[in-house]
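File shown: work29.cif (mmCIF, C-alpha atoms).
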```cif
data_work
loop_
_atom_site.label_atom_id
_atom_site.label_comp_id
_atom_site.auth_asym_id
_atom_site.auth_seq_id
_atom_site.Cartn_x
_atom_site.Cartn_y
_atom_site.Cartn_z
CA MET A 1 39.54 20.01 33.01
CA SER A 2 40.23 16.89 31.03
CA GLY A 3 37.71 14.09 30.59
CA ARG A 4 38.40 10.39 30.33
CA GLY A 5 40.44 9.54 27.25
CA GLY A 6 41.93 13.01 26.95
CA GLY A 7 38.84 14.79 25.58
CA SER A 8 37.76 18.16 26.93
CA ALA A 9 34.71 18.78 29.08
CA ARG A 10 32.89 19.77 25.89
CA GLY A 11 33.33 16.27 24.50
CA GLU A 12 36.08 17.09 22.01
CA GLY A 13 37.65 13.99 20.57
CA ARG A 14 34.63 11.78 21.18
CA ALA A 15 33.18 9.76 18.36
CA GLY A 16 29.61 10.49 17.36
CA PRO A 17 26.91 7.82 17.44
CA ARG A 18 26.81 5.29 14.65
CA PHE A 19 23.51 4.57 12.96
CA SER A 20 22.43 1.60 10.93
CA GLY A 21 22.54 1.80 7.16
CA ARG A 22 18.99 0.48 7.23
CA THR A 23 17.85 4.07 7.65
CA PRO A 24 18.44 6.55 4.79
CA ALA A 25 21.57 8.67 4.75
CA ASP A 26 19.51 11.70 3.70
CA LEU A 27 16.30 12.34 5.64
CA ALA A 28 15.61 15.80 4.25
CA PRO A 29 12.08 16.32 2.84
CA ASN A 30 11.70 16.55 -0.92
CA ARG A 31 11.06 19.88 -2.65
CA LEU A 32 7.32 19.36 -2.96
CA THR A 33 6.92 18.55 0.74
CA GLU A 34 9.00 21.59 1.69
CA LEU A 35 6.87 23.83 -0.52
CA ALA A 36 3.60 22.46 0.87
CA LEU A 37 4.80 23.03 4.42
CA ARG A 38 5.77 26.62 3.59
CA LEU A 39 2.46 27.38 1.87
CA ARG A 40 0.50 26.05 4.82
CA ARG A 41 2.59 28.13 7.22
CA GLU A 42 1.65 31.13 5.12
CA GLY A 43 -2.02 30.29 5.69
CA ARG A 44 -2.85 29.18 2.16
CA HIS A 45 -5.56 26.56 1.75
CA LEU A 46 -4.31 23.74 -0.42
CA VAL A 47 -6.49 21.44 -2.50
CA ASP A 48 -4.84 18.15 -1.60
CA LEU A 49 -5.09 15.71 -4.49
CA SER A 50 -2.49 13.51 -2.82
CA ALA A 51 -4.65 12.63 0.22
CA SER A 52 -4.50 8.97 1.27
CA ASN A 53 -6.31 9.20 4.62
CA PRO A 54 -10.03 8.41 4.16
CA THR A 55 -10.87 9.84 7.59
CA ALA A 56 -9.74 13.33 6.51
CA VAL A 57 -11.60 13.87 3.22
CA GLY A 58 -15.07 14.78 4.44
CA LEU A 59 -16.70 11.35 4.45
CA GLU A 60 -19.23 10.53 7.15
CA TYR A 61 -18.33 7.80 9.64
CA PRO A 62 -20.61 5.93 12.09
CA GLU A 63 -18.64 7.38 14.98
CA VAL A 64 -21.03 6.35 17.76
CA GLU A 65 -21.23 2.75 16.57
CA LEU A 66 -17.46 2.54 16.13
CA ALA A 67 -16.90 3.85 19.65
CA GLU A 68 -19.39 1.36 21.06
CA ALA A 69 -17.65 -1.51 19.27
CA LEU A 70 -14.26 -0.50 20.66
CA ALA A 71 -15.65 0.02 24.14
CA ALA A 72 -17.13 -3.47 24.12
CA GLY A 73 -13.81 -4.91 22.96
CA ALA A 74 -11.87 -3.07 25.65
CA THR A 75 -13.75 -4.74 28.52
CA ALA A 76 -12.57 -8.26 27.66
CA PRO A 77 -9.55 -9.80 29.43
CA TYR A 78 -6.22 -9.89 27.65
CA ALA A 79 -5.73 -13.23 25.89
CA PRO A 80 -2.52 -13.08 23.80
CA SER A 81 -2.11 -15.41 20.84
CA PRO A 82 0.59 -15.29 18.13
CA ARG A 83 -1.99 -15.66 15.37
CA GLY A 84 -4.52 -13.31 16.96
CA LEU A 85 -7.92 -13.95 18.53
CA LEU A 86 -9.77 -16.82 16.89
CA SER A 87 -13.05 -14.88 16.72
CA ALA A 88 -11.28 -12.13 14.78
CA ARG A 89 -9.58 -14.60 12.46
CA ARG A 90 -12.91 -16.24 11.74
CA ALA A 91 -14.32 -12.85 10.80
CA VAL A 92 -11.41 -12.26 8.40
CA ALA A 93 -11.90 -15.72 6.89
CA ASP A 94 -15.53 -14.86 6.19
CA VAL A 95 -14.45 -11.67 4.41
CA LEU A 96 -11.85 -13.51 2.32
CA ALA A 97 -14.27 -16.26 1.30
CA ALA A 98 -15.94 -14.10 -1.34
CA ARG A 99 -12.66 -13.71 -3.28
CA ALA A 100 -10.61 -16.74 -2.25
CA GLY A 101 -13.10 -19.48 -1.38
CA ALA A 102 -13.01 -21.21 1.99
CA VAL A 103 -10.08 -20.04 4.15
CA ASP A 104 -9.18 -21.84 7.38
CA PRO A 105 -8.93 -19.32 10.27
CA GLU A 106 -5.88 -21.26 11.45
CA HIS A 107 -4.11 -20.08 8.29
CA ILE A 108 -4.61 -16.40 9.20
CA PHE A 109 -2.38 -14.11 11.28
CA LEU A 110 -3.38 -10.70 12.62
CA THR A 111 -0.84 -7.86 12.70
CA ALA A 112 -0.82 -4.21 13.68
CA SER A 113 -0.65 -3.15 10.02
CA THR A 114 0.13 -4.34 6.52
CA SER A 115 3.56 -2.72 6.84
CA GLU A 116 4.26 -4.89 9.87
CA ALA A 117 3.01 -7.90 7.92
CA TYR A 118 5.71 -7.23 5.31
CA GLY A 119 8.28 -7.07 8.09
CA PHE A 120 7.14 -10.43 9.46
CA LEU A 121 7.29 -12.04 6.03
CA PHE A 122 10.71 -10.66 5.16
CA LYS A 123 11.96 -12.06 8.48
CA LEU A 124 10.34 -15.39 7.70
CA LEU A 125 11.59 -15.76 4.12
CA CYS A 126 14.90 -13.89 3.86
CA GLU A 127 18.40 -13.96 5.20
CA PRO A 128 20.16 -10.57 5.33
CA GLY A 129 21.22 -9.70 1.79
CA ASP A 130 18.51 -11.79 0.11
CA GLU A 131 16.16 -10.02 -2.27
CA VAL A 132 12.47 -9.62 -2.94
CA LEU A 133 11.04 -8.53 -6.28
CA VAL A 134 8.59 -5.62 -6.20
CA PRO A 135 6.53 -4.16 -9.06
CA ARG A 136 7.49 -1.03 -10.96
CA PRO A 137 5.60 1.30 -10.92
CA SER A 138 4.11 0.88 -7.47
CA TYR A 139 3.92 2.32 -3.99
CA PRO A 140 7.36 3.52 -2.82
CA LEU A 141 7.17 1.97 0.68
CA PHE A 142 8.55 -1.44 -0.32
CA GLU A 143 12.17 -0.36 -0.62
CA HIS A 144 12.07 1.15 2.87
CA LEU A 145 10.40 -1.88 4.44
CA ALA A 146 12.86 -4.27 2.83
CA ARG A 147 15.85 -2.15 3.82
CA LEU A 148 14.71 -2.08 7.43
CA GLU A 149 14.89 -5.88 7.40
CA GLY A 150 18.31 -6.00 5.76
CA VAL A 151 16.76 -7.19 2.50
CA SER A 152 17.23 -5.85 -1.02
CA ALA A 153 14.16 -4.77 -3.01
CA GLN A 154 14.69 -5.35 -6.73
CA SER A 155 12.06 -4.26 -9.21
CA TYR A 156 10.31 -6.02 -12.05
CA ALA A 157 8.54 -4.01 -14.70
CA LEU A 158 4.81 -4.18 -15.17
CA GLY A 159 3.48 -4.26 -18.72
CA PRO A 160 3.34 -1.18 -20.92
CA THR A 161 1.02 1.79 -20.58
CA PRO A 162 -1.89 2.26 -20.41
CA ARG A 163 -2.82 -0.83 -18.34
CA PHE A 164 0.49 -1.75 -16.64
CA ALA A 165 -0.56 -5.40 -16.41
CA LEU A 166 1.32 -8.00 -14.39
CA ASP A 167 3.38 -10.10 -16.80
CA PRO A 168 5.00 -13.28 -15.37
CA ASP A 169 7.58 -13.23 -18.19
CA ARG A 170 8.82 -9.88 -16.90
CA VAL A 171 9.05 -11.36 -13.42
CA GLU A 172 10.97 -14.39 -14.62
CA VAL A 173 13.81 -12.40 -16.18
CA GLU A 174 14.43 -10.68 -12.82
CA LEU A 175 14.51 -13.83 -10.67
CA GLY A 176 17.97 -14.35 -9.23
CA PRO A 177 19.71 -16.88 -6.99
CA ARG A 178 18.85 -14.85 -3.87
CA THR A 179 15.25 -14.02 -4.77
CA ARG A 180 13.01 -15.25 -1.97
CA ALA A 181 9.66 -13.62 -2.76
CA VAL A 182 7.75 -11.81 -5.47
CA VAL A 183 5.47 -9.01 -4.29
CA VAL A 184 2.27 -8.54 -6.31
CA VAL A 185 -0.07 -5.61 -5.66
CA SER A 186 -3.59 -6.14 -6.98
CA PRO A 187 -5.13 -3.69 -7.59
CA ASN A 188 -1.80 -1.98 -8.04
CA ASN A 189 -1.17 1.34 -6.35
CA PRO A 190 -1.31 3.68 -8.21
CA THR A 191 -2.01 2.17 -11.66
CA GLY A 192 -5.11 0.21 -10.60
CA SER A 193 -4.11 -2.85 -12.64
CA VAL A 194 -5.54 -6.16 -11.42
CA ALA A 195 -3.91 -9.59 -11.68
CA GLY A 196 -6.52 -11.98 -13.10
CA ARG A 197 -6.79 -15.64 -12.16
CA GLU A 198 -5.00 -16.86 -15.27
CA THR A 199 -2.07 -14.53 -14.67
CA GLN A 200 -1.96 -15.45 -10.99
CA GLY A 201 -1.91 -19.13 -11.90
CA GLU A 202 0.95 -18.64 -14.36
CA LEU A 203 2.97 -16.70 -11.79
CA ALA A 204 2.27 -19.33 -9.12
CA ARG A 205 3.55 -22.10 -11.40
CA LEU A 206 6.72 -20.10 -12.09
CA CYS A 207 7.33 -19.30 -8.42
CA GLY A 208 6.52 -22.85 -7.32
CA GLN A 209 9.13 -24.22 -9.73
CA ARG A 210 11.74 -21.78 -8.42
CA GLY A 211 10.92 -22.21 -4.72
CA VAL A 212 9.96 -18.53 -4.45
CA ALA A 213 7.02 -17.29 -2.36
CA ILE A 214 4.36 -14.84 -3.53
CA VAL A 215 3.36 -11.93 -1.30
CA SER A 216 0.04 -10.70 -2.66
CA ASP A 217 -0.87 -7.24 -1.42
CA GLU A 218 -4.66 -7.13 -1.74
CA VAL A 219 -5.41 -4.10 0.43
CA PHE A 220 -7.37 -2.38 -2.38
CA ALA A 221 -9.20 -5.54 -3.47
CA ASP A 222 -12.53 -4.27 -2.11
CA TYR A 223 -12.45 -1.41 -4.62
CA PRO A 224 -12.83 -2.75 -8.15
CA ALA A 225 -13.60 -0.21 -10.85
CA ALA A 226 -17.27 0.71 -11.17
CA GLY A 227 -19.06 -2.05 -13.05
CA GLY A 228 -15.91 -4.16 -13.15
CA PRO A 229 -15.43 -7.75 -11.94
CA ALA A 230 -14.43 -8.66 -8.41
CA VAL A 231 -10.71 -8.75 -7.70
CA PRO A 232 -9.55 -12.37 -7.23
CA SER A 233 -7.23 -13.40 -4.42
CA ALA A 234 -3.91 -15.10 -5.10
CA LEU A 235 -4.78 -17.60 -2.37
CA SER A 236 -6.64 -19.63 -4.99
CA ALA A 237 -3.44 -20.09 -7.07
CA GLY A 238 -2.13 -23.20 -5.36
CA ASP A 239 1.24 -23.98 -6.97
CA ALA A 240 3.36 -21.64 -4.81
CA LEU A 241 3.53 -20.58 -1.19
CA VAL A 242 1.27 -17.50 -1.03
CA PHE A 243 0.77 -14.83 1.60
CA ALA A 244 -2.26 -12.59 0.97
CA LEU A 245 -2.32 -9.28 2.84
CA GLY A 246 -5.22 -7.04 3.80
CA GLY A 247 -6.36 -4.80 6.62
CA LEU A 248 -8.80 -2.36 8.13
CA SER A 249 -6.95 0.65 6.74
CA LYS A 250 -8.29 0.23 3.21
CA SER A 251 -10.97 -2.45 3.52
CA CYS A 252 -12.96 -0.47 6.09
CA GLY A 253 -11.38 2.99 5.79
CA LEU A 254 -10.02 2.72 9.35
CA PRO A 255 -6.25 3.31 9.15
CA HIS A 256 -6.13 4.53 12.76
CA TYR A 257 -7.50 1.24 14.11
CA LYS A 258 -4.22 -0.46 13.19
CA LEU A 259 -5.12 -4.00 12.24
CA GLY A 260 -3.92 -6.02 9.27
CA TRP A 261 -3.88 -9.67 8.33
CA ILE A 262 -1.87 -12.33 6.54
CA ALA A 263 -3.61 -15.35 5.02
CA VAL A 264 -1.31 -18.24 4.11
CA GLY A 265 -1.98 -20.56 1.17
CA GLY A 266 -0.22 -22.91 -1.21
CA PRO A 267 0.94 -26.54 -1.20
CA PRO A 268 0.03 -28.01 2.23
CA ASP A 269 3.53 -29.02 3.33
CA ALA A 270 5.08 -25.64 2.53
CA ARG A 271 2.04 -23.78 3.89
CA ASP A 272 2.04 -25.66 7.20
CA GLU A 273 5.76 -25.17 7.82
CA ALA A 274 5.44 -21.49 6.95
CA ILE A 275 2.61 -21.15 9.47
CA LEU A 276 4.67 -22.72 12.26
CA ARG A 277 7.63 -20.46 11.54
CA LEU A 278 5.46 -17.37 11.12
CA GLU A 279 3.90 -18.13 14.49
CA HIS A 280 7.38 -17.99 15.99
CA VAL A 281 7.94 -14.54 14.45
CA ALA A 282 4.54 -13.21 15.50
CA ASP A 283 4.95 -14.54 19.07
CA ALA A 284 7.92 -12.22 19.53
CA TYR A 285 5.70 -9.16 18.93
CA LEU A 286 2.06 -9.90 19.86
CA SER A 287 1.35 -6.51 18.34
CA ALA A 288 -2.30 -6.64 17.31
CA SER A 289 -4.56 -4.64 19.62
CA GLY A 290 -6.76 -6.73 21.92
CA PRO A 291 -9.73 -4.35 21.91
CA VAL A 292 -9.63 -4.00 18.12
CA MET A 293 -9.42 -7.78 17.63
CA ARG A 294 -12.39 -8.27 20.00
CA ALA A 295 -14.32 -5.64 18.08
CA LEU A 296 -13.33 -6.88 14.62
CA PRO A 297 -16.54 -8.77 13.70
CA ARG A 298 -18.56 -5.63 14.44
CA LEU A 299 -15.99 -3.36 12.78
CA LEU A 300 -16.18 -5.39 9.59
CA GLN A 301 -19.96 -5.00 9.61
CA LEU A 302 -19.70 -1.24 10.06
CA GLY A 303 -16.96 -1.17 7.45
CA ARG A 304 -19.40 -2.15 4.71
CA GLU A 305 -21.07 1.25 4.83
CA ILE A 306 -17.75 3.07 5.09
CA ARG A 307 -16.45 1.10 2.13
CA ARG A 308 -19.55 1.92 0.11
CA ALA A 309 -19.06 5.64 0.82
CA ILE A 310 -15.40 5.44 -0.21
CA ALA A 311 -16.26 3.54 -3.39
CA ASP A 312 -18.93 6.11 -4.29
CA ARG A 313 -16.41 8.92 -3.73
CA VAL A 314 -13.78 7.19 -5.85
CA ASP A 315 -16.24 6.59 -8.70
CA ALA A 316 -17.48 10.18 -8.62
CA SER A 317 -13.97 11.62 -8.50
CA ARG A 318 -12.82 9.44 -11.39
CA ALA A 319 -15.76 10.74 -13.43
CA ALA A 320 -14.76 14.29 -12.44
CA ALA A 321 -11.21 13.61 -13.60
CA GLY A 322 -12.54 12.40 -16.93
CA ARG A 323 -14.56 15.60 -17.36
CA ALA A 324 -11.62 17.81 -16.47
CA LEU A 325 -9.32 16.09 -18.95
CA ALA A 326 -11.81 15.66 -21.78
CA GLY A 327 -10.32 17.18 -24.91
CA ALA A 328 -6.95 17.92 -23.29
CA THR A 329 -4.05 17.30 -25.63
CA SER A 330 -1.29 17.34 -23.02
CA ALA A 331 -2.85 15.08 -20.36
CA ARG A 332 -4.99 11.96 -20.46
CA LEU A 333 -6.59 9.81 -17.78
CA LEU A 334 -5.33 6.23 -17.95
CA PRO A 335 -7.74 3.31 -17.41
CA ALA A 336 -7.79 1.45 -14.09
CA ASP A 337 -9.40 -1.76 -12.88
CA GLY A 338 -9.53 -0.74 -9.23
CA GLY A 339 -7.95 1.18 -6.36
CA TRP A 340 -8.13 4.77 -5.13
CA SER A 341 -5.79 6.57 -7.53
CA ALA A 342 -5.86 8.12 -10.98
CA VAL A 343 -2.78 8.08 -13.21
CA ILE A 344 -2.58 10.95 -15.67
CA GLU A 345 -0.22 10.60 -18.59
CA LEU A 346 1.47 13.88 -19.47
CA GLY A 347 3.37 15.03 -22.50
CA ARG A 348 6.79 13.42 -22.68
CA GLU A 349 8.51 16.77 -22.49
CA THR A 350 6.85 17.54 -19.14
CA ASP A 351 9.03 17.84 -16.05
CA GLU A 352 6.83 16.08 -13.47
CA GLU A 353 8.36 17.71 -10.44
CA GLU A 354 8.34 21.23 -11.86
CA LEU A 355 4.70 20.80 -12.85
CA ALA A 356 3.78 19.65 -9.33
CA LEU A 357 5.69 22.57 -7.80
CA ALA A 358 4.03 25.07 -10.12
CA LEU A 359 0.56 23.67 -9.40
CA ALA A 360 1.13 24.07 -5.67
CA ASP A 361 2.73 27.51 -5.84
CA GLN A 362 0.46 29.08 -8.46
CA HIS A 363 -2.86 27.24 -7.98
CA ASP A 364 -2.72 25.82 -4.40
CA VAL A 365 -3.16 22.27 -5.74
CA LEU A 366 -1.13 19.28 -4.54
CA ILE A 367 -0.49 16.28 -6.79
CA GLN A 368 2.24 13.65 -6.79
CA PRO A 369 4.73 13.34 -9.65
CA GLY A 370 5.07 9.95 -11.28
CA TYR A 371 8.64 9.41 -10.16
CA PHE A 372 7.40 9.11 -6.57
CA PHE A 373 5.97 5.75 -7.71
CA ASP A 374 8.95 4.71 -9.81
CA PHE A 375 7.46 5.28 -13.24
CA ASP A 376 10.40 4.91 -15.57
CA ARG A 377 8.76 5.70 -18.91
CA GLY A 378 7.09 8.96 -19.92
CA ALA A 379 5.75 11.62 -17.56
CA HIS A 380 2.85 11.16 -15.16
CA ALA A 381 0.88 12.83 -12.40
CA ILE A 382 -0.84 10.83 -9.65
CA VAL A 383 -4.11 12.02 -8.12
CA SER A 384 -5.95 10.54 -5.15
CA LEU A 385 -9.60 9.84 -5.89
CA LEU A 386 -10.42 10.19 -2.19
CA ALA A 387 -10.49 13.93 -2.83
CA ALA A 388 -13.91 15.48 -3.40
CA PRO A 389 -15.05 15.46 -7.06
CA ALA A 390 -15.21 19.24 -7.17
CA ASP A 391 -11.63 19.46 -5.93
CA VAL A 392 -10.47 16.90 -8.49
CA GLU A 393 -12.15 18.77 -11.31
CA ARG A 394 -10.77 22.12 -10.17
CA GLY A 395 -7.27 20.78 -9.62
CA LEU A 396 -7.03 19.01 -12.95
CA ALA A 397 -8.47 22.02 -14.78
CA ALA A 398 -5.58 23.98 -13.26
CA LEU A 399 -3.16 21.29 -14.42
CA VAL A 400 -4.49 21.49 -17.99
CA SER A 401 -4.30 25.28 -18.01
CA LEU A 402 -0.76 25.22 -16.66
CA GLN A 403 0.28 22.68 -19.28
CA GLY A 404 -1.19 24.88 -21.99
CA ALA A 405 0.73 27.89 -20.70
CA ARG A 406 4.06 26.11 -20.99
#
```

Could you render the structure as structure tokens?
Amino acid sequence: MSGRGGGSARGEGRAGPRFSGRTPADLAPNRLTELALRLRREGRHLVDLSASNPTAVGLEYPEVELAEALAAGATAPYAPSPRGLLSARRAVADVLAARAGAVDPEHIFLTASTSEAYGFLFKLLCEPGDEVLVPRPSYPLFEHLARLEGVSAQSYALGPTPRFALDPDRVEVELGPRTRAVVVVSPNNPTGSVAGRETQGELARLCGQRGVAIVSDEVFADYPAAGGPAVPSALSAGDALVFALGGLSKSCGLPHYKLGWIAVGGPPDARDEAILRLEHVADAYLSASGPVMRALPRLLQLGREIRRAIADRVDASRAAAGRALAGATSARLLPADGGWSAVIELGRETDEEELALALADQHDVLIQPGYFFDFDRGAHAIVSLLAAPADVERGLAALVSLQGAR
């Protein structure tokens, strides 16, 4: 029996579906992910030094109080607003005031996540084919988020090891005719480098002269290094249009509550037009959860204790990493000004991926190789400091022993 167009009943001759090039051509998992999946299927317990979920690393949460806050928020009527509930935006403004000075709640937008915030901003700032500059090394999500919006992510290099500082001169050489925004991550993930006020001001002057916006990812700003200064917000650098991002995921250790924010700053005329246009984008989605927005003032209060517990864990695990690597000749802990990660510099001859695979297969320890974060010089291993200090010490002792056996 023939089908329409001459194809058989089995569909011979029919064209397959066509998918957008905004999704990757190859969706296969990498070798380390495949190995971890196999080891877990075999019943092996893995010490996960790549963990990024604070709810899954043994920290205590005020579960009853969080549930009560959400329940109270869920009883309110639905009141959609492109910028988000005013009471929630006021609560965010109060949080930002410590790092950025007074922030008008009308200059704040609430989103379902920081990732969605990037999507909104790329829609706002870019035509298809335009580019945004992103730091190298840094979190690998930016390329995917930009590609999903039809935008090109081009990298600019951070300063040299060990501090990987933001250097506006390195940004300037990468600015092109289609550059629409420069992404700054402070503290950087994973290097922990922080952009100070002087550097932020210099970058804002450069971007203001070029008509380029700054997207300042400040999700780890509540986690400066122990004893270190507070992390400043780019909102106080007034020469360029600035969008500062944050959210409950990192600030309060509540990634599953799905709420982020964008605070808009810069020269008033550019800022006000950006706000009107961003409102148009946000109105098409209305994605922030009503109950979570209603509960946000209380969630931010509860988040202080959660944040303190996370900060204590990070400090203790960094100290454990230092103990494990003390005296090691083939691995050293690099300094950091903030964040949740530790960067370990390895011997230049080290194959990062093979080391990570061997650690998992022989010692049941998961780390991330530096190339996951686009390190382009030397060899590195990345360790999450959310892991328990004992696990960090054990895992890095295994890394040192494995390096010595090679």

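Considering only C-alpha atoms, the residue among A:Ser341, A:Ser87, A:Gln368, A:Gln362 positioned nearest to Ala311 in chain A is A:Ser341.
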
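Between Gly228 in chain A and the residues A:Pro135, A:Gly16, A:Val194, A:Ala397, the shortest atom-to-atom distance, using all atoms listed in the file, involves A:Val194.
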
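Residue selection for this entry, given the PyMOL selection byres ((chain A and resi 241) around 8), comprises A:Gly208, A:Val212, A:Ala213, A:Ile214, A:Gly238, A:Asp239, A:Ala240, A:Val242, A:Phe243, A:Val264, A:Gly265, A:Gly266, A:Pro267, A:Ala270, A:Arg271.
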
Open item on the list: Give me the residues near Cys252 in chain A as a list in words, where near means some atom within 7 Å (using only C-alpha atoms) and where sequence neighbours in that chain fewer than 5 positions away do not count.
Closed with: Leu300, Gly303, Arg304, Ile306 and Arg307 of chain A

- [ ] Taking the file as shown, find all residues satisfying the PyMOL selection byres ((chain A and resi 237) around 7) and write them as a list of chain:residue names.
- [x] A:Gln200, A:Gly201, A:Ala204, A:Ala234, A:Leu235, A:Ser236, A:Gly238, A:Asp239

Open item on the list: Set the distance at 8 Å and use only C-alpha atoms: which residues neighbour Leu133 in chain A once local chain neighbours fewer than 6 positions away are removed? I'd like the list as a ChimeraX atom specification.
Closed with: /A:153-156,171,174-175,179,181-183

Task: Contacts of Leu35 in chain A at 9 Å (all atoms listed in the file; same-chain gap of 3+ positions) as a PyMOL selection string - done: chain A and resi 30-32+38-40+357+360-361

- [ ] Give as a list in words the residues that the PyMOL selection byres ((chain A and resi 328-335) around 6) matches when applied to the coordinates above.
- [x] Pro162, Leu325, Ala326, Gly327, Ala336, Val343, Ile344, Glu345, Leu346 and Gly347 of chain A

Using the selection just defined, write its residues with C-alpha atoms as a compact mmCIF listing (two decimals), in the coordinates of the input.
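Writing the result to result_12.txt gives the following:
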```txt
# COMPACT_ATOMS: atom_id res chain seq x y z
CA PRO A 162 -1.89 2.26 -20.41
CA LEU A 325 -9.32 16.09 -18.95
CA ALA A 326 -11.81 15.66 -21.78
CA GLY A 327 -10.32 17.18 -24.91
CA ALA A 336 -7.79 1.45 -14.09
CA VAL A 343 -2.78 8.08 -13.21
CA ILE A 344 -2.58 10.95 -15.67
CA GLU A 345 -0.22 10.60 -18.59
CA LEU A 346 1.47 13.88 -19.47
CA GLY A 347 3.37 15.03 -22.50
```

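Ranking A:Leu254, A:Phe373, A:Arg14, A:Pro291 by their shortest atom-to-atom distance to Tyr61 in chain A, with all atoms listed in the file included, puts A:Leu254 first.
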
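Nearest-residue note for Val400 in chain A: choosing from A:Arg147, A:Arg22, A:His256, A:Arg323, the minimum distance belongs to A:Arg323, counting all atoms listed in the file.
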
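The nearest approach to Val365 in chain A among the residues A:Val103, A:Ala387, A:Arg83, A:Ala342, with all atoms listed in the file taken into account, belongs to A:Ala387.
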
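When CA of Leu206 in chain A is paired with CA of Pro105 in chain A, their separation reads 27.3 Å.
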
Open item on the list: What does the structure give for the distance between CA of Glu198 in chain A and CA of Ile108 in chain A, in Å to one decimal?
Closed with: 24.5 Å

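Computed from the coordinates, the CA of Asp364 in chain A to CA of Thr33 in chain A distance equals 13.1 Å.
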
For the contact check between range 252-277 of chain A and range 284-288 of chain A, emit one row per residue of range 252-277 of chain A within 12 Å, containing the shortest atom pair and the distance in Å rounded to one decimal, counting only C-alpha atoms, chain then rising number order, as JSON lines.
```
{"residue": "A:Tyr257", "atom": "CA", "partner": "A:Ala288", "partner_atom": "CA", "distance": 10.0}
{"residue": "A:Lys258", "atom": "CA", "partner": "A:Ala288", "partner_atom": "CA", "distance": 7.7}
{"residue": "A:Leu259", "atom": "CA", "partner": "A:Ala288", "partner_atom": "CA", "distance": 6.4}
{"residue": "A:Gly260", "atom": "CA", "partner": "A:Ala288", "partner_atom": "CA", "distance": 8.2}
{"residue": "A:Trp261", "atom": "CA", "partner": "A:Ala288", "partner_atom": "CA", "distance": 9.6}
{"residue": "A:Arg277", "atom": "CA", "partner": "A:Ala284", "partner_atom": "CA", "distance": 11.5}
```

TODO: Pick out the residues sitting within 10 Å of Asp94 in chain A, and hand them over as a PyMOL selection string; count only C-alpha atoms, and ignore anything fewer than 5 positions along from it in its own chain.
DONE: chain A and resi 88-89+99-105+297

TODO: Please identify all polymer residues within 10 Å of Ala71 in chain A, counting all atoms listed in the file, omitting same-chain residues fewer than 5 positions from it, and present them as a ChimeraX atom specification.
DONE: /A:65-66,76,291-292,294-295

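The residue that comes closest to Arg197 in chain A, out of A:Gly339, A:Gly227, A:Leu166, A:Arg210 and on the basis of all atoms listed in the file, is A:Leu166.
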
Task: Point (1.6, -5.6, -16.8), cut-off 9 Å, counting all atoms listed in the file, residues as an NGL selection string - done: :A and (157-161 or 163-168 or 170 or 193-195)

Work out where the centre of an axis-aligned box around every listed atom of range 96-103 of chain A lies and how long its edges are once 6 Å is added on each side; give both in Å to one decimal as lines of an AutoDock Vina configuration file.
```
center_x = -13.0
center_y = -17.4
center_z = 0.4
size_x = 17.9
size_y = 19.7
size_z = 19.4
```

Can you patch up range 384-393 of chain A, filling it in to N, CA and C atoms, and show the result as an mmCIF file, keeping the file's coordinate frame?
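part_39.cif, freshly written:
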```
data_model
loop_
_atom_site.group_PDB
_atom_site.id
_atom_site.type_symbol
_atom_site.label_atom_id
_atom_site.label_comp_id
_atom_site.auth_asym_id
_atom_site.auth_seq_id
_atom_site.Cartn_x
_atom_site.Cartn_y
_atom_site.Cartn_z
ATOM 1 N N SER A 384 -5.121 11.361 -6.020
ATOM 2 C CA SER A 384 -5.950 10.540 -5.150
ATOM 3 C C SER A 384 -7.422 10.787 -5.445
ATOM 4 N N LEU A 385 -8.169 9.719 -5.637
ATOM 5 C CA LEU A 385 -9.600 9.840 -5.890
ATOM 6 C C LEU A 385 -10.403 9.864 -4.600
ATOM 7 N N LEU A 386 -9.716 9.918 -3.451
ATOM 8 C CA LEU A 386 -10.420 10.190 -2.190
ATOM 9 C C LEU A 386 -10.830 11.651 -2.103
ATOM 10 N N ALA A 387 -10.149 12.502 -2.840
ATOM 11 C CA ALA A 387 -10.490 13.930 -2.830
ATOM 12 C C ALA A 387 -11.890 14.126 -3.390
ATOM 13 N N ALA A 388 -12.556 15.192 -2.953
ATOM 14 C CA ALA A 388 -13.910 15.480 -3.400
ATOM 15 C C ALA A 388 -13.930 15.721 -4.911
ATOM 16 N N PRO A 389 -15.000 15.283 -5.598
ATOM 17 C CA PRO A 389 -15.050 15.460 -7.060
ATOM 18 C C PRO A 389 -14.827 16.891 -7.507
ATOM 19 N N ALA A 390 -15.397 17.847 -6.785
ATOM 20 C CA ALA A 390 -15.210 19.240 -7.170
ATOM 21 C C ALA A 390 -13.748 19.648 -7.090
ATOM 22 N N ASP A 391 -13.050 19.143 -6.069
ATOM 23 C CA ASP A 391 -11.630 19.460 -5.930
ATOM 24 C C ASP A 391 -10.817 18.807 -7.046
ATOM 25 N N VAL A 392 -11.169 17.578 -7.397
ATOM 26 C CA VAL A 392 -10.470 16.900 -8.490
ATOM 27 C C VAL A 392 -10.651 17.658 -9.793
ATOM 28 N N GLU A 393 -11.886 18.066 -10.061
ATOM 29 C CA GLU A 393 -12.150 18.770 -11.310
ATOM 30 C C GLU A 393 -11.418 20.107 -11.340
#
```
